[in-house]
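*Asks:* my_file_17.cif (mmCIF, C-alpha atoms) pasted underneath:
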```
data_target
#
loop_
_atom_site.label_atom_id
_atom_site.label_comp_id
_atom_site.auth_asym_id
_atom_site.auth_seq_id
_atom_site.Cartn_x
_atom_site.Cartn_y
_atom_site.Cartn_z
CA MET A 1 -87.99 56.86 -45.81
CA ALA A 2 -84.97 58.40 -47.47
CA SER A 3 -85.30 58.53 -51.26
CA ASP A 4 -81.63 59.46 -51.66
CA PRO A 5 -79.49 56.44 -50.69
CA HIS A 6 -76.86 58.79 -49.23
CA ASP A 7 -79.23 60.61 -46.85
CA ILE A 8 -78.68 58.57 -43.68
CA GLY A 9 -75.81 56.25 -44.52
CA ASP A 10 -73.32 58.05 -42.28
CA HIS A 11 -75.43 57.72 -39.15
CA GLY A 12 -74.81 54.05 -38.35
CA PRO A 13 -76.22 50.80 -39.71
CA THR A 14 -79.00 51.18 -42.24
CA LEU A 15 -81.35 49.03 -44.34
CA ARG A 16 -81.83 49.17 -48.10
CA TRP A 17 -84.78 47.75 -49.98
CA HIS A 18 -84.13 45.04 -52.57
CA PRO A 19 -86.92 45.69 -55.11
CA PHE A 20 -86.55 42.36 -56.92
CA LEU A 21 -86.51 40.10 -53.85
CA ARG A 22 -88.74 42.49 -51.87
CA GLN A 23 -86.65 42.26 -48.72
CA TRP A 24 -84.37 44.42 -46.62
CA VAL A 25 -80.58 44.27 -46.88
CA GLY A 26 -78.49 45.45 -43.95
CA ILE A 27 -75.73 47.95 -44.74
CA ALA A 28 -73.20 48.09 -41.92
CA ALA A 29 -69.85 49.10 -43.39
CA HIS A 30 -68.29 49.54 -39.94
CA ARG A 31 -68.44 45.75 -39.51
CA GLN A 32 -65.71 45.47 -42.14
CA ASP A 33 -63.29 46.65 -39.44
CA ARG A 34 -64.08 43.78 -37.04
CA PRO A 35 -60.73 42.56 -35.67
CA GLN A 36 -59.43 39.04 -35.78
CA MET A 37 -58.84 37.58 -32.35
CA PRO A 38 -55.58 38.94 -30.85
CA GLU A 39 -53.17 36.19 -29.88
CA ASN A 40 -52.70 37.18 -26.25
CA TRP A 41 -55.89 39.04 -25.34
CA CYS A 42 -59.64 38.45 -25.50
CA PRO A 43 -62.28 41.08 -24.61
CA PHE A 44 -64.60 38.32 -23.35
CA CYS A 45 -62.16 36.92 -20.76
CA PRO A 46 -62.22 38.08 -17.12
CA GLY A 47 -59.40 40.54 -16.55
CA SER A 48 -59.79 42.15 -19.99
CA GLY A 49 -61.40 45.25 -18.54
CA ARG A 50 -64.39 44.75 -20.86
CA VAL A 51 -66.34 42.18 -18.83
CA PRO A 52 -66.83 41.51 -15.08
CA ASP A 53 -64.08 39.66 -13.30
CA ASN A 54 -66.64 37.02 -12.30
CA TYR A 55 -69.54 35.83 -14.44
CA GLU A 56 -71.20 32.60 -15.53
CA VAL A 57 -73.19 33.78 -18.57
CA LEU A 58 -73.33 37.37 -19.74
CA ILE A 59 -74.95 39.73 -22.25
CA TYR A 60 -72.27 41.86 -23.94
CA PRO A 61 -73.27 44.70 -26.31
CA ASN A 62 -71.99 43.96 -29.82
CA ASP A 63 -69.15 46.35 -30.68
CA PHE A 64 -70.03 46.17 -34.39
CA PRO A 65 -73.84 46.01 -34.50
CA ALA A 66 -75.89 45.51 -37.65
CA PHE A 67 -78.89 46.92 -35.72
CA SER A 68 -78.58 49.66 -33.13
CA GLU A 69 -80.94 51.42 -30.73
CA ASP A 70 -79.13 54.65 -31.71
CA ALA A 71 -79.86 54.21 -35.43
CA PRO A 72 -82.58 56.27 -37.10
CA PRO A 73 -86.03 54.67 -36.89
CA PHE A 74 -87.09 51.98 -39.31
CA VAL A 75 -89.64 53.42 -41.76
CA PRO A 76 -90.84 50.62 -44.07
CA GLN A 77 -91.79 52.47 -47.24
CA PRO A 78 -90.20 50.33 -49.99
CA ASP A 79 -89.09 52.12 -53.14
CA PHE A 80 -86.44 51.40 -55.74
CA TYR A 81 -83.79 53.41 -53.85
CA CYS A 82 -85.07 53.33 -50.28
CA GLU A 83 -82.73 53.48 -47.31
CA THR A 84 -84.01 53.57 -43.74
CA GLY A 85 -82.70 53.23 -40.22
CA ALA A 86 -81.69 49.84 -38.81
CA ARG A 87 -83.03 50.49 -35.34
CA GLY A 88 -82.82 47.42 -33.15
CA GLN A 89 -80.27 45.67 -31.00
CA CYS A 90 -77.33 43.28 -31.36
CA ASP A 91 -76.08 41.39 -28.31
CA VAL A 92 -73.30 38.90 -27.76
CA VAL A 93 -74.14 36.09 -25.34
CA LEU A 94 -71.02 34.91 -23.51
CA TYR A 95 -71.57 31.27 -22.62
CA SER A 96 -68.68 30.96 -20.18
CA PRO A 97 -65.67 32.87 -18.83
CA ASN A 98 -63.47 29.91 -19.92
CA HIS A 99 -61.90 30.95 -23.23
CA LYS A 100 -61.00 27.42 -24.34
CA LEU A 101 -64.27 25.68 -23.46
CA LEU A 102 -66.13 24.33 -26.49
CA PRO A 103 -69.94 24.66 -26.51
CA SER A 104 -70.11 20.86 -26.56
CA GLU A 105 -68.13 20.85 -23.30
CA LEU A 106 -70.61 23.01 -21.40
CA PRO A 107 -72.39 20.97 -18.70
CA VAL A 108 -76.17 20.61 -19.06
CA ASP A 109 -76.76 22.83 -16.01
CA HIS A 110 -74.68 25.53 -17.64
CA TRP A 111 -76.62 25.27 -20.92
CA ALA A 112 -79.75 25.75 -18.78
CA LYS A 113 -78.27 29.05 -17.55
CA VAL A 114 -77.67 30.07 -21.16
CA ALA A 115 -81.28 29.18 -22.06
CA HIS A 116 -82.56 31.16 -19.09
CA LEU A 117 -80.54 34.19 -20.22
CA TRP A 118 -81.88 33.77 -23.77
CA ALA A 119 -85.43 33.78 -22.38
CA HIS A 120 -84.86 36.82 -20.15
CA ARG A 121 -83.32 38.85 -22.96
CA THR A 122 -86.00 37.75 -25.44
CA LYS A 123 -88.69 39.06 -23.09
CA GLU A 124 -86.86 42.38 -22.67
CA LEU A 125 -86.35 42.90 -26.39
CA LYS A 126 -89.88 41.86 -27.39
CA SER A 127 -91.23 44.57 -25.08
CA ARG A 128 -89.52 47.32 -27.09
CA PRO A 129 -91.93 49.07 -29.48
CA GLU A 130 -89.62 48.91 -32.49
CA VAL A 131 -88.78 45.19 -32.19
CA GLN A 132 -90.74 42.79 -34.40
CA TYR A 133 -88.56 39.67 -34.20
CA VAL A 134 -85.87 38.36 -31.84
CA ALA A 135 -83.28 36.01 -33.36
CA VAL A 136 -81.15 33.95 -30.96
CA PHE A 137 -78.30 32.25 -32.80
CA GLU A 138 -74.72 31.02 -32.76
CA ASN A 139 -71.96 30.72 -35.34
CA THR A 140 -69.24 28.22 -34.49
CA GLY A 141 -65.97 27.53 -36.26
CA VAL A 142 -63.44 29.31 -38.43
CA ALA A 143 -65.12 27.81 -41.51
CA ILE A 144 -68.26 29.78 -40.62
CA GLY A 145 -66.20 32.98 -40.38
CA VAL A 146 -66.01 33.31 -36.60
CA THR A 147 -63.30 35.78 -35.52
CA MET A 148 -63.62 35.25 -31.75
CA PRO A 149 -63.15 31.66 -30.54
CA HIS A 150 -64.36 32.44 -27.00
CA PRO A 151 -67.63 30.43 -26.58
CA HIS A 152 -70.49 32.76 -27.43
CA GLY A 153 -73.70 33.24 -29.37
CA GLN A 154 -75.69 36.30 -30.39
CA ILE A 155 -79.14 37.87 -30.18
CA TYR A 156 -80.45 40.25 -32.84
CA ALA A 157 -83.62 42.32 -32.39
CA PHE A 158 -85.09 43.12 -35.82
CA PRO A 159 -87.49 45.99 -36.61
CA PHE A 160 -89.17 43.69 -39.18
CA HIS A 161 -89.76 39.99 -39.78
CA PRO A 162 -86.74 38.57 -41.66
CA PRO A 163 -87.66 36.72 -44.90
CA LEU A 164 -87.17 33.10 -43.77
CA PRO A 165 -89.06 33.43 -40.46
CA GLN A 166 -91.77 35.36 -42.32
CA ALA A 167 -92.14 32.56 -44.87
CA GLU A 168 -92.45 30.04 -42.04
CA PHE A 169 -94.97 32.23 -40.23
CA GLU A 170 -97.12 32.38 -43.35
CA SER A 171 -96.95 28.62 -43.89
CA MET A 172 -97.85 27.81 -40.28
CA GLN A 173 -100.64 30.36 -40.20
CA ALA A 174 -102.12 29.15 -43.50
CA TYR A 175 -102.10 25.50 -42.35
CA SER A 176 -103.71 26.41 -39.04
CA ALA A 177 -106.42 28.45 -40.75
CA ALA A 178 -107.22 25.55 -43.11
CA HIS A 179 -107.28 22.90 -40.34
CA ASP A 180 -109.44 24.38 -37.58
CA GLY A 181 -106.52 25.86 -35.67
CA GLU A 182 -104.32 22.74 -35.71
CA CYS A 183 -100.56 23.34 -35.40
CA MET A 184 -98.62 22.15 -38.43
CA THR A 185 -95.56 21.39 -36.28
CA CYS A 186 -97.57 19.31 -33.81
CA MET A 187 -98.99 17.31 -36.72
CA LEU A 188 -95.58 16.73 -38.29
CA LEU A 189 -94.05 15.80 -34.93
CA LYS A 190 -96.60 13.02 -34.54
CA ARG A 191 -95.63 11.73 -37.98
CA GLU A 192 -91.91 11.88 -37.25
CA LEU A 193 -92.35 10.01 -33.97
CA ALA A 194 -94.48 7.37 -35.69
CA ASP A 195 -91.92 6.96 -38.49
CA GLY A 196 -88.85 7.01 -36.25
CA ARG A 197 -86.22 6.78 -38.99
CA ARG A 198 -85.00 10.35 -38.59
CA ILE A 199 -85.13 10.61 -34.77
CA ILE A 200 -81.70 10.88 -33.12
CA GLY A 201 -82.67 11.53 -29.50
CA GLY A 202 -85.30 12.85 -27.14
CA ASN A 203 -86.56 13.35 -23.61
CA ASP A 204 -89.90 14.12 -21.94
CA SER A 205 -90.03 17.64 -23.38
CA PHE A 206 -88.09 17.66 -26.67
CA VAL A 207 -87.31 15.53 -29.72
CA ALA A 208 -84.20 15.85 -31.92
CA PHE A 209 -84.31 14.63 -35.51
CA VAL A 210 -82.85 15.09 -38.97
CA PRO A 211 -85.65 16.75 -40.98
CA PHE A 212 -87.00 15.07 -44.12
CA TRP A 213 -86.45 18.37 -45.96
CA GLY A 214 -83.01 19.12 -44.49
CA ARG A 215 -80.94 21.51 -46.62
CA PHE A 216 -77.61 21.15 -44.82
CA PRO A 217 -75.56 17.96 -44.28
CA THR A 218 -76.57 16.32 -40.99
CA GLU A 219 -79.01 19.14 -40.23
CA VAL A 220 -80.83 18.61 -36.92
CA GLN A 221 -83.88 20.24 -35.40
CA ILE A 222 -85.04 20.08 -31.78
CA TRP A 223 -88.83 20.40 -31.44
CA ALA A 224 -90.80 20.97 -28.25
CA ARG A 225 -93.21 18.10 -27.58
CA ARG A 226 -95.66 20.54 -25.99
CA HIS A 227 -97.00 23.40 -28.08
CA ALA A 228 -95.07 26.52 -27.03
CA GLY A 229 -94.27 29.75 -28.84
CA ASP A 230 -90.98 30.95 -27.40
CA LEU A 231 -88.46 30.42 -24.63
CA ASN A 232 -90.65 32.24 -22.11
CA ASP A 233 -93.47 29.75 -22.68
CA LEU A 234 -91.20 27.00 -21.35
CA ALA A 235 -91.29 26.10 -17.66
CA ALA A 236 -87.98 25.96 -15.77
CA GLU A 237 -87.99 22.16 -16.02
CA GLU A 238 -88.54 22.37 -19.78
CA GLN A 239 -85.64 24.81 -20.15
CA GLN A 240 -83.51 22.23 -18.35
CA LYS A 241 -84.70 19.52 -20.75
CA LEU A 242 -83.94 21.82 -23.69
CA ALA A 243 -80.42 22.29 -22.30
CA ALA A 244 -80.00 18.52 -22.16
CA MET A 245 -81.01 18.13 -25.80
CA ILE A 246 -78.74 20.96 -26.98
CA SER A 247 -75.87 19.33 -25.09
CA LEU A 248 -76.62 15.93 -26.62
CA VAL A 249 -76.71 17.25 -30.19
CA ARG A 250 -73.55 19.33 -29.74
CA ARG A 251 -71.62 16.39 -28.25
CA LYS A 252 -72.74 14.07 -31.03
CA TYR A 253 -71.70 16.61 -33.66
CA ASP A 254 -68.24 17.09 -32.16
CA ASN A 255 -67.70 13.33 -31.99
CA LEU A 256 -69.03 12.63 -35.49
CA TYR A 257 -65.79 13.43 -37.35
CA GLY A 258 -63.49 13.69 -34.34
CA PHE A 259 -63.24 17.50 -34.32
CA PRO A 260 -65.54 20.43 -33.43
CA MET A 261 -68.33 20.73 -35.99
CA PRO A 262 -68.55 24.12 -37.76
CA LEU A 263 -72.20 25.03 -37.60
CA MET A 264 -74.95 27.58 -37.16
CA MET A 265 -77.52 27.23 -34.37
CA LEU A 266 -80.79 29.16 -34.41
CA VAL A 267 -83.54 29.39 -31.80
CA ARG A 268 -86.83 29.74 -33.69
CA GLN A 269 -89.37 31.82 -31.76
CA SER A 270 -92.75 33.45 -32.37
CA PRO A 271 -92.95 37.05 -33.64
CA ALA A 272 -92.63 39.81 -31.07
CA LYS A 273 -95.87 41.67 -31.75
CA THR A 274 -98.12 39.53 -33.97
CA PRO A 275 -100.31 37.05 -32.04
CA ALA A 276 -99.13 33.64 -33.24
CA PRO A 277 -101.02 30.71 -31.66
CA TRP A 278 -99.96 28.67 -34.72
CA PHE A 279 -96.21 28.99 -34.03
CA HIS A 280 -94.25 26.14 -32.42
CA PHE A 281 -90.87 26.60 -30.72
CA ARG A 282 -87.77 24.78 -32.00
CA VAL A 283 -83.98 24.95 -32.32
CA ASP A 284 -82.18 24.43 -35.65
CA PHE A 285 -78.61 23.21 -36.21
CA LEU A 286 -77.12 23.87 -39.65
CA PRO A 287 -73.69 22.19 -39.93
CA ILE A 288 -71.54 22.86 -42.97
CA GLN A 289 -69.21 19.84 -42.68
CA ARG A 290 -70.48 17.24 -45.19
CA SER A 291 -67.68 14.70 -44.65
CA PRO A 292 -64.47 14.51 -42.57
CA LYS A 293 -62.56 16.49 -45.20
CA LYS A 294 -65.22 18.40 -47.14
CA LEU A 295 -67.27 21.51 -46.40
CA LYS A 296 -70.67 22.41 -47.76
CA TYR A 297 -70.36 25.68 -49.68
CA LEU A 298 -73.37 27.77 -50.61
CA ALA A 299 -72.29 28.33 -54.19
CA ALA A 300 -74.15 29.54 -57.30
CA VAL A 301 -77.22 27.32 -57.11
CA GLU A 302 -77.92 27.87 -53.42
CA SER A 303 -76.87 31.53 -53.24
CA GLY A 304 -78.13 32.59 -56.64
CA THR A 305 -81.38 30.64 -56.96
CA GLY A 306 -82.28 29.88 -53.35
CA THR A 307 -82.54 26.15 -54.08
CA PHE A 308 -80.43 24.01 -51.77
CA LEU A 309 -78.71 20.82 -52.86
CA ASN A 310 -78.08 18.45 -49.97
CA ASP A 311 -75.17 16.07 -50.59
CA THR A 312 -76.43 13.69 -47.88
CA ARG A 313 -79.61 11.68 -47.38
CA PRO A 314 -81.44 12.67 -44.16
CA GLU A 315 -82.39 9.10 -43.21
CA ALA A 316 -78.82 7.88 -43.61
CA GLN A 317 -77.42 10.83 -41.66
CA ALA A 318 -79.96 10.26 -38.89
CA GLU A 319 -78.80 6.66 -38.52
CA ILE A 320 -75.17 7.80 -38.37
CA LEU A 321 -75.96 10.39 -35.70
CA ARG A 322 -78.06 7.94 -33.69
CA ASN A 323 -75.10 5.60 -33.60
CA THR A 324 -72.58 8.35 -32.82
CA LEU A 325 -71.76 8.43 -29.14
CA PRO A 326 -71.86 11.90 -27.56
CA ARG A 327 -68.45 13.38 -26.90
CA ALA A 328 -67.52 12.57 -23.31
#
```
As structure tokens - that is how I would like this structure written.
*Replies:*
Amino acid sequence: MASDPHDIGDHGPTLRWHPFLRQWVGIAAHRQDRPQMPENWCPFCPGSGRVPDNYEVLIYPNDFPAFSEDAPPFVPQPDFYCETGARGQCDVVLYSPNHKLLPSELPVDHWAKVAHLWAHRTKELKSRPEVQYVAVFENTGVAIGVTMPHPHGQIYAFPFHPPLPQAEFESMQAYSAAHDGECMTCMLLKRELADGRRIIGGNDSFVAFVPFWGRFPTEVQIWARRHAGDLNDLAAEEQQKLAAMISLVRRKYDNLYGFPMPLMMLVRQSPAKTPAPWFHFRVDFLPIQRSPKKLKYLAAVESGTGTFLNDTRPEAQAEILRNTLPRA
């Protein structure tokens, strides 16, 4: 722990303790210098000198990491003015060498290669002693703040459990403890399948639906039918089925309003070190387009109180998505 907030701030990304919310805030001032995409050059394209001349999917070290393996170690001793090292890892996952290819245009077999890379990197990062949680995610669209349009996602290795995953871990663990080890997600999946109103698609291994409690317009979650904790618990055939569901959801989104949907995608996995038989793997999609011409902004109520206001009704949005043909 550094009691003086200026002790380690010049040595790379750091973390500061928020004493009111009791959570860590990343301080990474070097990220302010992230460039906008140059008009005639992309570091992720073959021939740039930054990536191989031939690749299908690729891990690329983030040039502006919020967590770094070279940062001072994370020492979780919260105090009013505590700053500690943000030791971890930030990767960019390049989905394709084709600069103009939308994620919704990736073939299912190619999404399977992405999922396999996610799984391989998750296993590597979870094995590191400092890593407590691996977040696989994607930001898509200028409205989200993306500066590089080349199709890509990211993987962050955290030295702690971030607040939202931690809250979910506690809820799942508490339910399991109170119900003889039953999985809360498995129970809710049975209810969703029996109800059917919010289901938008599925296959032998996964179900996609608009959650009853959705916070974002046309939010979708993909749940594994079989109880599994992370990507490495999925068989090769299941990874292929996951790829098919990701492709379906992305193609429906991009056909919903006739243009690529700005969204966030998150792969929800079990913690890296804590045994978690109660955790159930899923993928979340958080789109911010609430109508053809309106965005969902996280303004004062959402950002300041943490209470989301959804301008759409999940059941109605599920029906719309069910009836939306996937983009060809």
*Asks:* From the options A:Thr122, A:Asn54, A:Gln269, A:Thr185, which residue's atoms come nearest to Asn98 (chain A), counting only C-alpha atoms?
*Replies:*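 Using only C-alpha atoms, Asn98 (chain A) sits closest to A:Asn54.
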*Asks:* Mind telling me what the PyMOL selection byres ((chain A and resi 80-96) around 8) catches here, as number ranges by chain?
*Replies:* A: 1-5, 7-9, 13-19, 26, 44, 55-62, 65-79, 97-99, 101, 103, 114, 130-131, 150-159
*Asks:* Pick the closest to Arg290 (chain A) from A:Gly229, A:Pro217, A:Pro314, A:Pro46: which is it, counting all atoms listed in the file?
*Replies:*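 Checking each of A:Gly229, A:Pro217, A:Pro314, A:Pro46 against Arg290 (chain A), counting all atoms listed in the file, the winner is A:Pro217.
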*Asks:* Ranking A:Pro149, A:Gly306, A:Pro287, A:Gly196 by minimum distance to Val220 (chain A) and counting all atoms listed in the file, which one comes first?
*Replies:*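 Closest candidate: A:Pro287.
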*Asks:* Compile the contact shell of Ala328 (chain A) as a count of residues only: residues with an atom at most 10 Å away, counting only C-alpha atoms, same-chain residues fewer than 4 positions apart removed.
*Replies:* 6
*Asks:* With distances taken over all atoms listed in the file, which of A:Leu231, A:Tyr297, A:Pro163, A:Leu263 is nearest to Arg22 (chain A)?
*Replies:* A:Pro163
